[in-house]
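Visitor: Enclosed is the structure file protein.cif (mmCIF, C-alpha atoms).
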```cif
data_final
loop_
_atom_site.label_atom_id
_atom_site.label_comp_id
_atom_site.auth_asym_id
_atom_site.auth_seq_id
_atom_site.Cartn_x
_atom_site.Cartn_y
_atom_site.Cartn_z
CA MET A 350 0.00 0.00 0.00
CA LYS A 351 0.93 3.60 -0.33
CA THR A 352 2.47 5.32 2.63
CA GLY A 353 0.94 8.23 4.44
CA ARG A 354 2.39 11.65 4.63
CA THR A 355 1.67 14.37 7.08
CA VAL A 356 0.62 17.62 5.54
CA LYS A 357 2.02 20.48 7.55
CA LEU A 358 -0.10 23.56 7.60
CA LYS A 359 -0.21 27.08 8.78
CA HIS A 360 -2.98 29.57 8.84
CA LYS A 361 -3.12 32.56 6.59
CA ASP A 362 -3.84 34.58 9.72
CA GLU A 363 -1.48 33.22 12.34
CA GLU A 364 -3.51 34.65 15.20
CA ILE A 365 -6.46 32.42 14.39
CA PRO A 366 -6.24 29.52 16.83
CA PHE A 367 -6.16 26.04 15.35
CA GLY A 368 -9.00 25.10 17.67
CA PRO A 369 -10.33 21.58 17.65
CA ILE A 370 -8.33 20.55 14.60
CA ALA A 371 -4.95 21.59 15.96
CA ASP A 372 -3.69 18.02 15.67
CA PRO A 373 -1.70 17.96 12.43
CA ALA A 374 -2.47 14.25 12.18
CA ALA A 375 -5.95 15.36 11.23
CA TYR A 376 -4.38 16.44 7.97
CA ASN A 377 -2.74 13.15 7.18
CA CYS A 378 -3.30 12.41 3.56
CA LEU A 379 -2.21 9.50 1.46
CA MET A 380 -1.13 10.42 -2.03
CA GLY A 381 -4.43 11.63 -3.32
CA THR A 382 -6.36 9.43 -0.93
CA ALA A 383 -8.66 10.95 1.62
CA ILE A 384 -8.20 9.50 5.09
CA SER A 385 -11.15 9.44 7.38
CA THR A 386 -9.60 11.68 9.95
CA GLY A 387 -12.34 11.15 12.51
CA THR A 388 -12.46 14.88 12.92
CA LEU A 389 -13.76 16.21 9.65
CA ILE A 390 -12.61 19.70 8.83
CA GLY A 391 -14.99 22.58 8.45
CA VAL A 392 -14.94 24.37 5.14
CA GLU A 393 -14.11 27.68 6.83
CA GLU A 394 -11.04 26.04 8.32
CA TYR A 395 -10.00 24.74 4.89
CA LEU A 396 -10.40 28.17 3.36
CA ARG A 397 -8.18 29.68 6.07
CA THR A 398 -5.51 27.01 5.74
CA VAL A 399 -2.29 27.28 3.79
CA PHE A 400 -0.78 23.84 3.31
CA ASP A 401 2.90 23.19 3.33
CA GLY A 402 3.74 22.11 -0.20
CA ALA A 403 1.09 21.65 -2.86
CA ASP A 404 -2.36 22.93 -2.00
CA CYS A 405 -4.97 20.33 -1.02
CA GLU A 406 -8.50 19.86 -2.23
CA TYR A 407 -11.53 19.82 0.06
CA LEU A 408 -14.06 17.15 -0.80
CA ASP A 409 -17.17 17.08 1.36
CA GLY A 410 -15.32 17.65 4.60
CA GLU A 411 -12.14 15.79 3.78
CA ILE A 412 -8.77 17.25 2.94
CA VAL A 413 -7.41 15.44 -0.10
CA GLU A 414 -3.83 15.78 -1.24
CA ARG A 415 -3.06 16.29 -4.91
CA ASN A 416 0.00 14.90 -6.53
CA MET A 417 3.32 16.22 -5.30
CA GLY A 418 5.06 18.90 -7.23
CA GLU A 419 7.63 17.12 -9.31
CA VAL A 420 10.15 18.73 -11.62
CA GLN A 421 8.49 17.62 -14.85
CA HIS A 422 5.03 18.69 -13.72
CA GLY A 423 6.32 22.03 -12.46
CA SER A 424 8.31 22.80 -15.61
CA ILE A 425 5.36 22.15 -17.89
CA GLN A 426 3.08 24.16 -15.65
CA ALA A 427 5.56 27.06 -15.72
CA ARG A 428 5.94 26.80 -19.48
CA LEU A 429 2.19 26.81 -20.08
CA VAL A 430 1.67 29.71 -17.70
CA PHE A 431 4.36 31.57 -19.62
CA ILE A 432 2.75 30.81 -22.99
CA LEU A 433 -0.74 31.73 -21.73
CA MET A 434 0.53 34.91 -20.05
CA GLY A 435 1.88 35.94 -23.44
CA LEU A 436 -1.72 35.90 -24.70
CA VAL A 437 -3.23 37.93 -21.85
CA SER A 438 -3.52 41.30 -23.52
CA LYS A 439 -4.12 39.98 -27.02
CA LEU A 440 -6.99 37.71 -25.97
CA GLY A 441 -8.24 39.52 -22.91
CA ILE A 442 -7.73 36.68 -20.48
CA GLN A 443 -6.38 36.25 -16.97
CA VAL A 444 -4.25 33.30 -15.96
CA ILE A 445 -3.92 31.91 -12.44
CA SER A 446 -1.99 28.88 -11.30
CA GLU A 447 -2.76 26.58 -8.35
CA ILE A 448 -6.16 28.06 -7.79
CA ARG A 449 -8.99 26.70 -5.68
CA ILE A 450 -12.17 26.21 -7.67
CA GLN A 451 -15.43 25.92 -5.79
CA ILE A 452 -17.62 23.10 -7.06
CA ASN A 453 -20.19 23.55 -4.32
CA PRO A 454 -20.04 24.99 -0.81
CA ARG A 455 -18.61 21.69 0.51
CA ARG A 456 -16.31 20.90 -2.36
CA TYR A 457 -13.20 22.66 -3.65
CA ARG A 458 -10.83 21.44 -6.35
CA VAL A 459 -7.39 22.87 -7.03
CA ALA A 460 -6.53 23.43 -10.69
CA ASP A 461 -2.94 23.44 -11.93
CA ILE A 462 -3.82 26.42 -14.10
CA ALA A 463 -7.12 28.19 -14.66
CA VAL A 464 -7.92 30.91 -17.16
CA TRP A 465 -10.76 33.41 -17.14
CA ARG A 466 -11.84 36.07 -19.56
CA ALA A 467 -10.86 39.52 -18.31
CA GLY A 468 -13.19 40.93 -15.67
CA ASN A 469 -14.01 40.53 -12.03
CA ILE A 470 -13.97 36.87 -11.05
CA GLY A 471 -14.37 37.34 -7.32
CA ASP A 472 -12.07 37.96 -4.45
CA ARG A 473 -10.35 35.12 -2.61
CA ILE A 474 -12.16 32.28 -4.33
CA PRO A 475 -13.40 32.78 -7.89
CA THR A 476 -17.16 33.07 -8.19
CA VAL A 477 -17.12 32.83 -11.98
CA PRO A 478 -16.44 29.46 -13.66
CA PRO A 479 -13.13 29.37 -15.49
CA PHE A 480 -13.04 29.58 -19.25
CA LEU A 481 -10.23 27.01 -19.25
CA VAL A 482 -8.78 24.60 -16.71
CA VAL A 483 -5.45 22.86 -17.24
CA GLU A 484 -4.46 19.68 -15.42
CA ILE A 485 -1.03 18.16 -15.93
CA LEU A 486 -0.93 14.44 -15.18
CA SER A 487 1.68 12.80 -12.99
CA PRO A 488 2.43 9.09 -13.33
CA GLU A 489 0.55 8.56 -10.05
CA ASP A 490 -2.65 10.16 -11.31
CA ARG A 491 -5.50 7.70 -11.58
CA MET A 492 -8.19 7.92 -14.19
CA VAL A 493 -10.91 7.13 -11.63
CA ARG A 494 -9.88 10.23 -9.67
CA MET A 495 -9.25 12.55 -12.60
CA LEU A 496 -12.50 11.89 -14.45
CA PRO A 497 -14.82 13.04 -11.63
CA LYS A 498 -12.68 16.17 -11.29
CA ILE A 499 -13.10 16.95 -14.98
CA GLN A 500 -16.83 16.28 -14.77
CA GLU A 501 -17.10 18.63 -11.80
CA TYR A 502 -15.31 21.40 -13.71
CA LEU A 503 -17.76 20.90 -16.58
CA SER A 504 -20.71 20.85 -14.17
CA ILE A 505 -19.89 24.32 -12.86
CA GLY A 506 -19.60 25.65 -16.39
CA ALA A 507 -15.88 25.50 -17.19
CA GLU A 508 -15.80 25.74 -20.97
CA TRP A 509 -12.55 23.95 -21.80
CA ILE A 510 -10.37 21.50 -19.92
CA TRP A 511 -6.95 20.34 -21.03
CA VAL A 512 -5.60 17.18 -19.43
CA ILE A 513 -1.97 16.82 -20.44
CA ASP A 514 0.06 13.62 -20.18
CA PRO A 515 3.72 14.62 -20.44
CA ASP A 516 4.97 11.03 -20.71
CA GLU A 517 2.69 10.19 -23.60
CA GLY A 518 3.06 13.62 -25.21
CA LYS A 519 -0.70 13.79 -25.65
CA ALA A 520 -3.65 15.67 -24.23
CA LEU A 521 -7.34 15.08 -23.72
CA ILE A 522 -9.50 18.06 -24.57
CA TYR A 523 -12.85 18.33 -22.82
CA SER A 524 -15.46 20.97 -23.52
CA GLN A 525 -19.16 21.58 -23.00
CA ALA A 526 -19.65 20.37 -26.60
CA GLY A 527 -17.31 17.39 -26.10
CA PRO A 528 -17.77 16.36 -22.46
CA ALA A 529 -16.48 12.83 -23.10
CA GLY A 530 -13.06 14.14 -24.11
CA VAL A 531 -11.05 13.97 -27.32
CA LEU A 532 -7.45 12.84 -27.68
CA SER A 533 -5.45 15.61 -29.29
CA ASP A 534 -1.98 16.84 -30.19
CA ILE A 535 -3.17 20.43 -29.92
CA LEU A 536 -4.31 22.30 -26.82
CA ARG A 537 -7.21 24.36 -28.03
CA THR A 538 -10.12 26.54 -27.06
CA GLU A 539 -12.65 28.66 -28.91
CA ASP A 540 -13.85 32.19 -28.17
CA PRO A 541 -11.17 33.29 -27.65
CA ALA A 542 -9.34 30.80 -29.83
CA ILE A 543 -6.13 29.35 -28.42
CA GLU A 544 -4.04 26.72 -30.18
CA ILE A 545 -0.86 25.40 -28.62
CA PRO A 546 0.73 22.19 -29.88
CA VAL A 547 1.27 19.77 -26.99
CA THR A 548 4.91 19.43 -28.06
CA GLU A 549 5.38 23.15 -27.53
CA ALA A 550 4.03 22.93 -23.99
CA LEU A 551 6.33 20.00 -23.33
CA ALA A 552 9.48 21.41 -24.94
CA PRO A 553 12.34 21.73 -22.48
CA GLN A 554 12.74 25.22 -21.13
CA THR A 555 15.61 27.07 -22.71
CA MET B 1033 4.61 -1.63 -21.60
CA GLY B 1034 1.79 -0.17 -23.62
CA THR B 1035 4.30 1.22 -26.06
CA ALA B 1036 4.16 0.70 -29.77
CA ILE B 1037 6.96 -1.54 -30.91
CA SER B 1038 8.43 -0.11 -34.06
CA THR B 1039 8.95 -3.34 -35.84
CA GLY B 1040 10.63 -1.60 -38.76
CA THR B 1041 8.41 -3.60 -41.04
CA LEU B 1042 4.85 -2.56 -40.32
CA PHE B 1043 2.61 -5.54 -39.98
CA GLY B 1044 -0.09 -6.28 -42.47
CA VAL B 1045 -3.42 -6.94 -40.85
CA GLU B 1046 -3.51 -10.49 -42.23
CA GLU B 1047 -0.18 -11.11 -40.55
CA TYR B 1048 -1.52 -9.77 -37.25
CA LEU B 1049 -4.61 -11.95 -37.43
CA ARG B 1050 -2.42 -15.01 -38.02
CA THR B 1051 0.01 -14.17 -35.20
CA VAL B 1052 -0.09 -15.62 -31.72
CA PHE B 1053 2.05 -13.44 -29.48
CA ASP B 1054 4.21 -14.80 -26.71
CA GLY B 1055 2.57 -13.61 -23.49
CA ALA B 1056 -0.33 -11.18 -23.49
CA ASP B 1057 -2.02 -10.59 -26.82
CA CYS B 1058 -1.21 -7.35 -28.65
CA GLU B 1059 -3.45 -4.81 -30.28
CA TYR B 1060 -3.17 -3.75 -33.90
CA LEU B 1061 -3.57 -0.04 -34.46
CA ASP B 1062 -3.39 1.12 -38.07
CA GLY B 1063 -0.46 -1.07 -38.96
CA GLU B 1064 1.35 -1.01 -35.65
CA ILE B 1065 1.52 -3.79 -33.12
CA VAL B 1066 0.88 -2.28 -29.70
CA GLU B 1067 1.58 -4.15 -26.50
CA ARG B 1068 -0.99 -4.10 -23.72
CA ASN B 1069 -0.10 -4.21 -20.08
CA MET B 1070 1.43 -7.47 -18.98
CA GLY B 1071 -0.57 -9.93 -17.00
CA GLU B 1072 0.12 -9.17 -13.38
CA LEU B 1073 -1.31 -11.05 -10.46
CA PRO B 1074 -4.05 -8.68 -9.19
CA HIS B 1075 -5.12 -8.10 -12.77
CA GLY B 1076 -5.42 -11.81 -13.44
CA ASP B 1077 -7.20 -12.53 -10.16
CA ILE B 1078 -9.86 -9.93 -10.79
CA GLN B 1079 -10.28 -11.06 -14.36
CA ALA B 1080 -10.86 -14.65 -13.21
CA GLU B 1081 -13.25 -13.58 -10.45
CA LEU B 1082 -15.30 -11.47 -12.84
CA ILE B 1083 -15.50 -14.19 -15.47
CA PHE B 1084 -16.78 -16.55 -12.79
CA ARG B 1085 -19.38 -14.06 -11.56
CA LEU B 1086 -20.53 -13.10 -15.03
CA LYS B 1087 -20.99 -16.71 -16.02
CA GLN B 1088 -22.76 -17.46 -12.75
CA ALA B 1089 -25.02 -14.41 -12.95
CA GLN B 1090 -26.41 -15.14 -16.38
CA ARG B 1091 -25.90 -18.83 -16.94
CA GLY B 1092 -26.44 -19.68 -20.55
CA ARG B 1093 -27.76 -16.29 -21.50
CA LEU B 1094 -24.39 -14.61 -21.95
CA ARG B 1095 -21.23 -15.57 -23.70
CA VAL B 1096 -18.19 -14.52 -21.68
CA VAL B 1097 -14.83 -14.42 -23.43
CA SER B 1098 -11.49 -13.25 -22.04
CA GLU B 1099 -8.56 -11.69 -23.92
CA ILE B 1100 -10.50 -11.29 -27.10
CA ARG B 1101 -9.64 -9.24 -30.16
CA ILE B 1102 -12.31 -6.68 -30.99
CA GLN B 1103 -12.34 -5.24 -34.48
CA ILE B 1104 -12.82 -1.48 -34.52
CA ASN B 1105 -12.28 -1.21 -38.25
CA PRO B 1106 -10.40 -3.35 -40.78
CA ARG B 1107 -7.09 -1.72 -39.77
CA ARG B 1108 -7.69 -1.53 -36.03
CA TYR B 1109 -8.08 -4.28 -33.45
CA ARG B 1110 -8.29 -3.84 -29.69
CA VAL B 1111 -7.91 -6.62 -27.14
CA ALA B 1112 -10.42 -6.60 -24.28
CA ASP B 1113 -9.67 -8.15 -20.89
CA ILE B 1114 -13.18 -9.57 -20.93
CA ALA B 1115 -15.96 -9.19 -23.48
CA VAL B 1116 -19.51 -10.41 -23.10
CA TRP B 1117 -22.11 -11.04 -25.74
CA ARG B 1118 -25.71 -12.04 -25.48
CA ALA B 1119 -25.99 -15.70 -26.39
CA GLY B 1120 -26.21 -16.37 -30.11
CA ASN B 1121 -23.95 -16.27 -33.10
CA ILE B 1122 -21.22 -13.67 -32.64
CA GLY B 1123 -19.04 -14.65 -35.58
CA ASP B 1124 -16.27 -17.12 -35.93
CA ARG B 1125 -12.60 -16.29 -35.29
CA ILE B 1126 -13.21 -12.58 -34.91
CA HIS B 1127 -16.68 -11.63 -33.79
CA THR B 1128 -18.89 -9.65 -36.15
CA VAL B 1129 -21.36 -8.42 -33.52
CA PRO B 1130 -20.35 -5.68 -31.05
CA PRO B 1131 -20.05 -6.91 -27.47
CA PHE B 1132 -22.80 -6.21 -25.00
CA LEU B 1133 -20.16 -5.51 -22.32
CA VAL B 1134 -16.42 -4.92 -22.30
CA VAL B 1135 -14.35 -5.05 -19.11
CA GLU B 1136 -10.95 -3.42 -18.77
CA ILE B 1137 -8.94 -3.83 -15.58
CA LEU B 1138 -6.44 -1.04 -15.05
CA SER B 1139 -2.81 -1.59 -14.15
CA PRO B 1140 -0.79 1.16 -12.48
CA GLU B 1141 0.98 1.70 -15.81
CA ASP B 1142 -2.24 2.36 -17.71
CA ARG B 1143 -2.48 5.93 -18.95
CA MET B 1144 -5.73 7.80 -19.25
CA VAL B 1145 -4.76 9.19 -22.67
CA ARG B 1146 -4.45 5.62 -23.96
CA MET B 1147 -7.48 4.16 -22.21
CA LEU B 1148 -9.96 6.86 -23.18
CA PRO B 1149 -9.64 6.40 -26.97
CA LYS B 1150 -10.00 2.66 -26.45
CA ILE B 1151 -13.26 3.16 -24.54
CA GLN B 1152 -14.51 5.56 -27.19
CA GLU B 1153 -13.72 3.03 -29.91
CA TYR B 1154 -15.68 0.33 -28.08
CA LEU B 1155 -18.64 2.72 -27.83
CA LEU B 1156 -18.26 3.69 -31.47
CA ILE B 1157 -18.73 0.12 -32.70
CA GLY B 1158 -21.87 -0.21 -30.57
CA THR B 1159 -20.66 -1.78 -27.33
CA GLU B 1160 -23.44 -1.14 -24.84
CA TRP B 1161 -21.54 -1.15 -21.53
CA ILE B 1162 -17.90 -0.74 -20.54
CA TRP B 1163 -16.50 -1.28 -17.07
CA VAL B 1164 -13.08 0.20 -16.33
CA ILE B 1165 -11.92 -1.14 -12.98
CA ASP B 1166 -9.13 0.36 -10.88
CA PRO B 1167 -8.10 -2.29 -8.34
CA ASP B 1168 -5.89 0.10 -6.35
CA GLU B 1169 -8.56 2.73 -5.94
CA ARG B 1170 -11.28 0.05 -5.60
CA LYS B 1171 -13.51 2.05 -7.92
CA ALA B 1172 -14.84 1.67 -11.42
CA LEU B 1173 -15.90 3.89 -14.26
CA VAL B 1174 -19.03 2.68 -15.98
CA TYR B 1175 -19.54 3.83 -19.56
CA SER B 1176 -22.59 3.21 -21.69
CA GLN B 1177 -24.20 4.50 -24.85
CA ALA B 1178 -26.35 6.69 -22.58
CA SER B 1179 -23.31 7.87 -20.54
CA PRO B 1180 -20.41 7.99 -22.98
CA GLY B 1181 -18.45 10.26 -20.62
CA GLY B 1182 -18.36 7.63 -17.89
CA VAL B 1183 -19.65 7.59 -14.33
CA LEU B 1184 -17.63 6.80 -11.21
CA SER B 1185 -19.28 3.90 -9.44
CA ASP B 1186 -18.95 1.32 -6.67
CA ILE B 1187 -21.16 -1.05 -8.62
CA LEU B 1188 -20.46 -2.75 -11.93
CA ARG B 1189 -23.74 -2.68 -13.74
CA THR B 1190 -25.53 -3.26 -17.00
CA GLU B 1191 -29.13 -3.23 -18.13
CA ASP B 1192 -30.98 -5.73 -20.32
CA PRO B 1193 -29.93 -8.11 -18.95
CA ALA B 1194 -29.43 -6.37 -15.63
CA ILE B 1195 -26.20 -7.26 -13.89
CA GLU B 1196 -25.00 -5.70 -10.65
CA ILE B 1197 -21.70 -6.67 -9.09
CA PRO B 1198 -20.23 -4.52 -6.32
CA VAL B 1199 -16.63 -3.55 -7.14
CA THR B 1200 -15.55 -4.90 -3.75
CA GLU B 1201 -16.86 -8.34 -4.74
CA ALA B 1202 -14.91 -8.32 -7.97
CA LEU B 1203 -11.83 -7.44 -5.93
CA ALA B 1204 -12.53 -10.02 -3.22
CA ALA B 1205 -10.04 -12.46 -4.71
CA GLN B 1206 -7.12 -10.11 -4.16
CA GLY B 1207 -8.07 -9.66 -0.50
#
```
Could I get this file's structure written as structure tokens?
Guide:
Amino acid sequence: MKTGRTVKLKHKDEEIPFGPIADPAAYNCLMGTAISTGTLIGVEEYLRTVFDGADCEYLDGEIVERNMGEVQHGSIQARLVFILMGLVSKLGIQVISEIRIQINPRRYRVADIAVWRAGNIGDRIPTVPPFLVVEILSPEDRMVRMLPKIQEYLSIGAEWIWVIDPDEGKALIYSQAGPAGVLSDILRTEDPAIEIPVTEALAPQT
Amino acid sequence: MGTAISTGTLFGVEEYLRTVFDGADCEYLDGEIVERNMGELPHGDIQAELIFRLKQAQRGRLRVVSEIRIQINPRRYRVADIAVWRAGNIGDRIHTVPPFLVVEILSPEDRMVRMLPKIQEYLLIGTEWIWVIDPDERKALVYSQASPGGVLSDILRTEDPAIEIPVTEALAAQG
């Protein structure tokens, strides 16, 4: 079996007492596996919490770890952010990485990258569904975990979702018109139109 | 593992259909021989358990076949871990009727970007139900013509005939 890992945490406002969930063991996560911590965590607590390392998701009361930041994942994420940032003024978009996306009041996902059309999208947590969500797969990512995440993004109105597999050099493109996903060599959206060959997103940084 | 072997000489489809591979059967994708994941123990256990339960559930009414080549088009053949047809004539060496149900059991090496097109091809030829089982996560994705995007589920199910097997039961053999 997979081994557990303790997620260290600190509050955004240090003066807020940890209260009943002060025990860091309450935040034990397996790689992407929710542990029944006994003490479930309130959503307000989650929203106040800054996790050590990669941000965690909050799924109906449970803190769920995402995959660890590895070099390959991080480089591709950085490269795609760079490419998308280059389109900001031309396309009128805003690009945010590692952003919490509210699915419902008890459920928050964390996207590797999310893109919105220019405009007010809310304050701490976006209140407007993203135009585009990008997820970069790690070898540990399981289809049975990723698919519900994609379906939840679609359910809140995300228009495009790119799921990139760096090892395979391929991507799956999901959209409201193609919610079952399409295998593709090109990362694309419409309105505004974006087209980035997967190979370009995967090219080593120079 | 799941990687296309560049054989230098691309295989003709007739050659593929005549070939018995050493070990797990290979797929044939537009001229290329593509290896599937190797038979590992949990994979094999679950496959055996499911074959037993499927045969038991619908004795005589279903034809359950394991490791079977499924023709997507004349240049494309997939290999299903298990495929199930309603009883009747399904063709001779290679079936000519789409399966009622296809079961794929995931290995840790299986990649979503490879599995999804396979599922979509099964749906395209008219397969009614597809179960994609993840033994590590103890969950399954159930695809059907009505839900081509897949649904996360704890129960392996079909309709007409109705089959319901809890994922935990299918995994019972691996403890």
Visitor: Applying 10 Å and all atoms listed in the file, which residues near A:Val459 remain after dropping the ones on its own chain fewer than 2 positions away? List them as a list in words.
Guide: Ala403, Asp404, Cys405, Glu406, Tyr407, Glu414, Arg415, Ser446, Glu447, Ile448, Arg449, Ile450, Gln451, Tyr457, Asp461, Ile462, Ala463, Val482, Glu484 and Lys498 of chain A
Visitor: Please write the residues from the selection above to a file, keeping C-alpha atoms, as a PDB file, in the coordinates of the input.
Guide:
```pdb
ATOM      1  CA  ALA A 403       1.090  21.650  -2.860  1.00  0.00           C
ATOM      2  CA  ASP A 404      -2.360  22.930  -2.000  1.00  0.00           C
ATOM      3  CA  CYS A 405      -4.970  20.330  -1.020  1.00  0.00           C
ATOM      4  CA  GLU A 406      -8.500  19.860  -2.230  1.00  0.00           C
ATOM      5  CA  TYR A 407     -11.530  19.820   0.060  1.00  0.00           C
ATOM      6  CA  GLU A 414      -3.830  15.780  -1.240  1.00  0.00           C
ATOM      7  CA  ARG A 415      -3.060  16.290  -4.910  1.00  0.00           C
ATOM      8  CA  SER A 446      -1.990  28.880 -11.300  1.00  0.00           C
ATOM      9  CA  GLU A 447      -2.760  26.580  -8.350  1.00  0.00           C
ATOM     10  CA  ILE A 448      -6.160  28.060  -7.790  1.00  0.00           C
ATOM     11  CA  ARG A 449      -8.990  26.700  -5.680  1.00  0.00           C
ATOM     12  CA  ILE A 450     -12.170  26.210  -7.670  1.00  0.00           C
ATOM     13  CA  GLN A 451     -15.430  25.920  -5.790  1.00  0.00           C
ATOM     14  CA  TYR A 457     -13.200  22.660  -3.650  1.00  0.00           C
ATOM     15  CA  ASP A 461      -2.940  23.440 -11.930  1.00  0.00           C
ATOM     16  CA  ILE A 462      -3.820  26.420 -14.100  1.00  0.00           C
ATOM     17  CA  ALA A 463      -7.120  28.190 -14.660  1.00  0.00           C
ATOM     18  CA  VAL A 482      -8.780  24.600 -16.710  1.00  0.00           C
ATOM     19  CA  GLU A 484      -4.460  19.680 -15.420  1.00  0.00           C
ATOM     20  CA  LYS A 498     -12.680  16.170 -11.290  1.00  0.00           C
TER      21      LYS A 498
END
```
Visitor: Which residues are close to B:Val1116, i.e. within 8 Å by only C-alpha atoms, leaving aside same-chain residues fewer than 6 positions away? Reply as a PyMOL selection string.
Guide: chain B and resi 1094-1097+1131-1134
Visitor: Once the PyMOL selection byres ((chain B) within 12 of (chain A)) has been evaluated on this model, what residues remain selected, and can you format them as an NGL selection string?
Guide: :B and (1034-1036 or 1137-1153 or 1155 or 1163-1186)
Visitor: How would the residues just chosen look if you wrote them out with C-alpha atoms as a JSON list (two decimals), in the frame of the given file?
Guide:
```json
[["chain", "number", "residue", "atom", "x", "y", "z"],
["B", 1034, "GLY", "CA", 1.79, -0.17, -23.62],
["B", 1035, "THR", "CA", 4.30, 1.22, -26.06],
["B", 1036, "ALA", "CA", 4.16, 0.70, -29.77],
["B", 1137, "ILE", "CA", -8.94, -3.83, -15.58],
["B", 1138, "LEU", "CA", -6.44, -1.04, -15.05],
["B", 1139, "SER", "CA", -2.81, -1.59, -14.15],
["B", 1140, "PRO", "CA", -0.79, 1.16, -12.48],
["B", 1141, "GLU", "CA", 0.98, 1.70, -15.81],
["B", 1142, "ASP", "CA", -2.24, 2.36, -17.71],
["B", 1143, "ARG", "CA", -2.48, 5.93, -18.95],
["B", 1144, "MET", "CA", -5.73, 7.80, -19.25],
["B", 1145, "VAL", "CA", -4.76, 9.19, -22.67],
["B", 1146, "ARG", "CA", -4.45, 5.62, -23.96],
["B", 1147, "MET", "CA", -7.48, 4.16, -22.21],
["B", 1148, "LEU", "CA", -9.96, 6.86, -23.18],
["B", 1149, "PRO", "CA", -9.64, 6.40, -26.97],
["B", 1150, "LYS", "CA", -10.00, 2.66, -26.45],
["B", 1151, "ILE", "CA", -13.26, 3.16, -24.54],
["B", 1152, "GLN", "CA", -14.51, 5.56, -27.19],
["B", 1153, "GLU", "CA", -13.72, 3.03, -29.91],
["B", 1155, "LEU", "CA", -18.64, 2.72, -27.83],
["B", 1163, "TRP", "CA", -16.50, -1.28, -17.07],
["B", 1164, "VAL", "CA", -13.08, 0.20, -16.33],
["B", 1165, "ILE", "CA", -11.92, -1.14, -12.98],
["B", 1166, "ASP", "CA", -9.13, 0.36, -10.88],
["B", 1167, "PRO", "CA", -8.10, -2.29, -8.34],
["B", 1168, "ASP", "CA", -5.89, 0.10, -6.35],
["B", 1169, "GLU", "CA", -8.56, 2.73, -5.94],
["B", 1170, "ARG", "CA", -11.28, 0.05, -5.60],
["B", 1171, "LYS", "CA", -13.51, 2.05, -7.92],
["B", 1172, "ALA", "CA", -14.84, 1.67, -11.42],
["B", 1173, "LEU", "CA", -15.90, 3.89, -14.26],
["B", 1174, "VAL", "CA", -19.03, 2.68, -15.98],
["B", 1175, "TYR", "CA", -19.54, 3.83, -19.56],
["B", 1176, "SER", "CA", -22.59, 3.21, -21.69],
["B", 1177, "GLN", "CA", -24.20, 4.50, -24.85],
["B", 1178, "ALA", "CA", -26.35, 6.69, -22.58],
["B", 1179, "SER", "CA", -23.31, 7.87, -20.54],
["B", 1180, "PRO", "CA", -20.41, 7.99, -22.98],
["B", 1181, "GLY", "CA", -18.45, 10.26, -20.62],
["B", 1182, "GLY", "CA", -18.36, 7.63, -17.89],
["B", 1183, "VAL", "CA", -19.65, 7.59, -14.33],
["B", 1184, "LEU", "CA", -17.63, 6.80, -11.21],
["B", 1185, "SER", "CA", -19.28, 3.90, -9.44],
["B", 1186, "ASP", "CA", -18.95, 1.32, -6.67]]
```
Visitor: If the PyMOL selection byres ((chain B and resi 1201) around 10) is run on the structure shown, which residues does it catch, given as a ChimeraX atom specification?
Guide: /B:1078,1081-1082,1085,1187-1188,1197-1200,1202-1207
Visitor: For a quick check of understanding, using only C-alpha atoms, which of B:Leu1156, B:Glu1067, B:Tyr1048, B:Arg1091 has the smallest distance to B:Ile1195?
Guide: B:Arg1091
Visitor: I would like the residues chosen by the PyMOL selection byres ((chain B and resi 1107) around 8) on the shown file; could you give them as a ChimeraX atom specification?
Guide: /B:1045,1060-1063,1104-1106,1108-1109
Visitor: Compile the contact shell of A:Leu551 as a PDB file with C-alpha atoms, in the coordinates of the input: residues with an atom at most 8 Å away, counting all atoms listed in the file, same-chain residues fewer than 3 positions apart removed.
Guide:
```
ATOM      1  CA  ILE A 425       5.360  22.150 -17.890  1.00  0.00           C
ATOM      2  CA  ARG A 428       5.940  26.800 -19.480  1.00  0.00           C
ATOM      3  CA  PRO A 515       3.720  14.620 -20.440  1.00  0.00           C
ATOM      4  CA  GLY A 518       3.060  13.620 -25.210  1.00  0.00           C
ATOM      5  CA  VAL A 547       1.270  19.770 -26.990  1.00  0.00           C
ATOM      6  CA  THR A 548       4.910  19.430 -28.060  1.00  0.00           C
TER       7      THR A 548
END
```
